[in-house]
Amino acid sequence: MYKLVAWVETVLIPTLGPVGILLVAAADSSFVTLPEINDFLVVGAGMANPRTAWMFVAAAALGSVAGSSLLWRLGRTGGEALLVRRFGSAWAERTRAAYERWGLLALALPAISPPPMPFKVFVLASGVLGFPYGRFVLTLFVARTLRYAFWGSMGAVYGEDARALLRTIDRWGAQHWPLVVAGLVLLALVVLVALRRSRRPADPQVNGA
């Protein structure tokens with residue numbers, strides 16, 4: 001995968017600019033799996049020219065939304081049978097339960113999290129379960145922008161150390177994926193509780209007689 005990143009950085013992006021990373025991100029979020037390639041690319045963009053890194057961050061986020069939109073549409077047309085056929089009945093049930101319990105967080109957290117956290121199953125499920133397309137696009141764009149902006153900034157500030165850190169996280173996550181998933185579930189519960197408390201109406205004040 002690192003050889004592919006190097007080819008994209010030395011051949012595709014110099015030729016197409018931000019459009020190159022947009023195409024890569026669209027492919028990665030639709031039918032091709034290129035784990036963390038966009039993270040590496042925005043790190044490289046931040047290293048090469050911090051002033052223009054935001055263009056590559058925006059292109060990566062937009063490309064991810066475009067590719068994921070194809071899966072959302074497939075989910076809308078293919079229904080739950082497609083979700084079960086592609087990911088199995090166990091994952092279909094898990095994603096349905098996640099959307100019923102957490103709403104948009106069921107999409108936002110996988111979108112902002114590195115592998116091995118599953119992502120495409122939640123994208124496809126959002127279409128199957130009728131997640132509104134406008135909310136889908138907004139949620140995904142914000143989450144992906146935050147993720148890529150973080151790595152672009154890391155590349156601009158820390159250079160090769162940021163790339164080394166990303167490789168370390170990649171390897172650690174592959175070896176300890178149950179801990180990653182458990183940590184994200186715990187984070188989702190904390191955020192959900194915080195959101196519910198913020199929406200709770202204030203207790204009426206009781207005036208003394």
# chains A, B, ... in the order shown; residues from 1 in each chain; ligands from 1
>>> residues_around(residues="Val57 (chain A)", least_positions_apart="5", cutoff="7 Å", atoms="only C-alpha atoms", output="number ranges by chain")
A: 42, 145, 148-149, 152
>>> residues_around(residues="region 74-89 of chain A", least_positions_apart="5", cutoff="7 Å", atoms="only C-alpha atoms", output="PyMOL selection string")
chain A and resi 121+124-125+127-128+130
>>> atom_distance(atom1="CA of Asn49 (chain A)", atom2="CA of Leu165 (chain A)")
19.4 Å
>>> closest_residue(among="A:Thr10, A:Thr52, A:Thr15, A:Ser64", to="Phe31 (chain A)", atoms="only C-alpha atoms")
A:Ser64
>>> closest_residue(among="A:Phe141, A:Phe40, A:Trp54, A:Phe119", to="Thr95 (chain A)", atoms="only C-alpha atoms")
A:Phe119
>>> residues_around(residues="Thr33 (chain A)", least_positions_apart="6", cutoff="10 Å", atoms="only C-alpha atoms", output="ChimeraX atom specification")
/A:25,27,120
>>> select_by_dssp(residues="region 6-117 of chain A", states="alpha helix (DSSP H)", output="VMD selection string")
chain A and resid 6 to 7 13 to 16 18 to 29 37 to 48 53 to 87 89 to 102 105 to 112
>>> atom_distance(atom1="CA of Pro50 (chain A)", atom2="CA of Ala156 (chain A)")
5.2 Å
>>> closest_residue(among="A:Arg144, A:Arg171, A:Arg163, A:Arg135", to="Ala61 (chain A)", atoms="only C-alpha atoms")
A:Arg144
>>> closest_residue(among="A:Trp7, A:Val43, A:Pro132, A:Phe122", to="Phe56 (chain A)", atoms="only C-alpha atoms")
A:Val43
>>> atom_distance(atom1="CA of Tyr99 (chain A)", atom2="CA of Tyr133 (chain A)")
14.5 Å
>>> closest_residue(among="A:Ala106, A:Val157, A:Ile21, A:Leu4", to="Arg94 (chain A)", atoms="only C-alpha atoms")
A:Ala106
>>> decode(residues="region 150-162 of chain A", atoms="C-alpha atoms", output="short mmCIF file (atom, residue, chain, number, x, y, z; two decimals), in the first residue's frame")
data_model
loop_
_atom_site.label_atom_id
_atom_site.label_comp_id
_atom_site.auth_asym_id
_atom_site.auth_seq_id
_atom_site.Cartn_x
_atom_site.Cartn_y
_atom_site.Cartn_z
CA PHE A 150 -6.04 16.61 11.51
CA TRP A 151 -3.61 14.57 9.43
CA GLY A 152 -2.88 17.43 7.04
CA SER A 153 -2.00 19.62 10.03
CA MET A 154 0.13 16.86 11.51
CA GLY A 155 2.05 16.59 8.24
CA ALA A 156 2.58 20.36 8.09
CA VAL A 157 3.88 20.55 11.66
CA TYR A 158 5.71 17.26 12.20
CA GLY A 159 6.65 16.13 8.68
CA GLU A 160 7.96 12.57 8.46
CA ASP A 161 7.20 12.01 12.14
CA ALA A 162 3.49 12.36 11.30
#
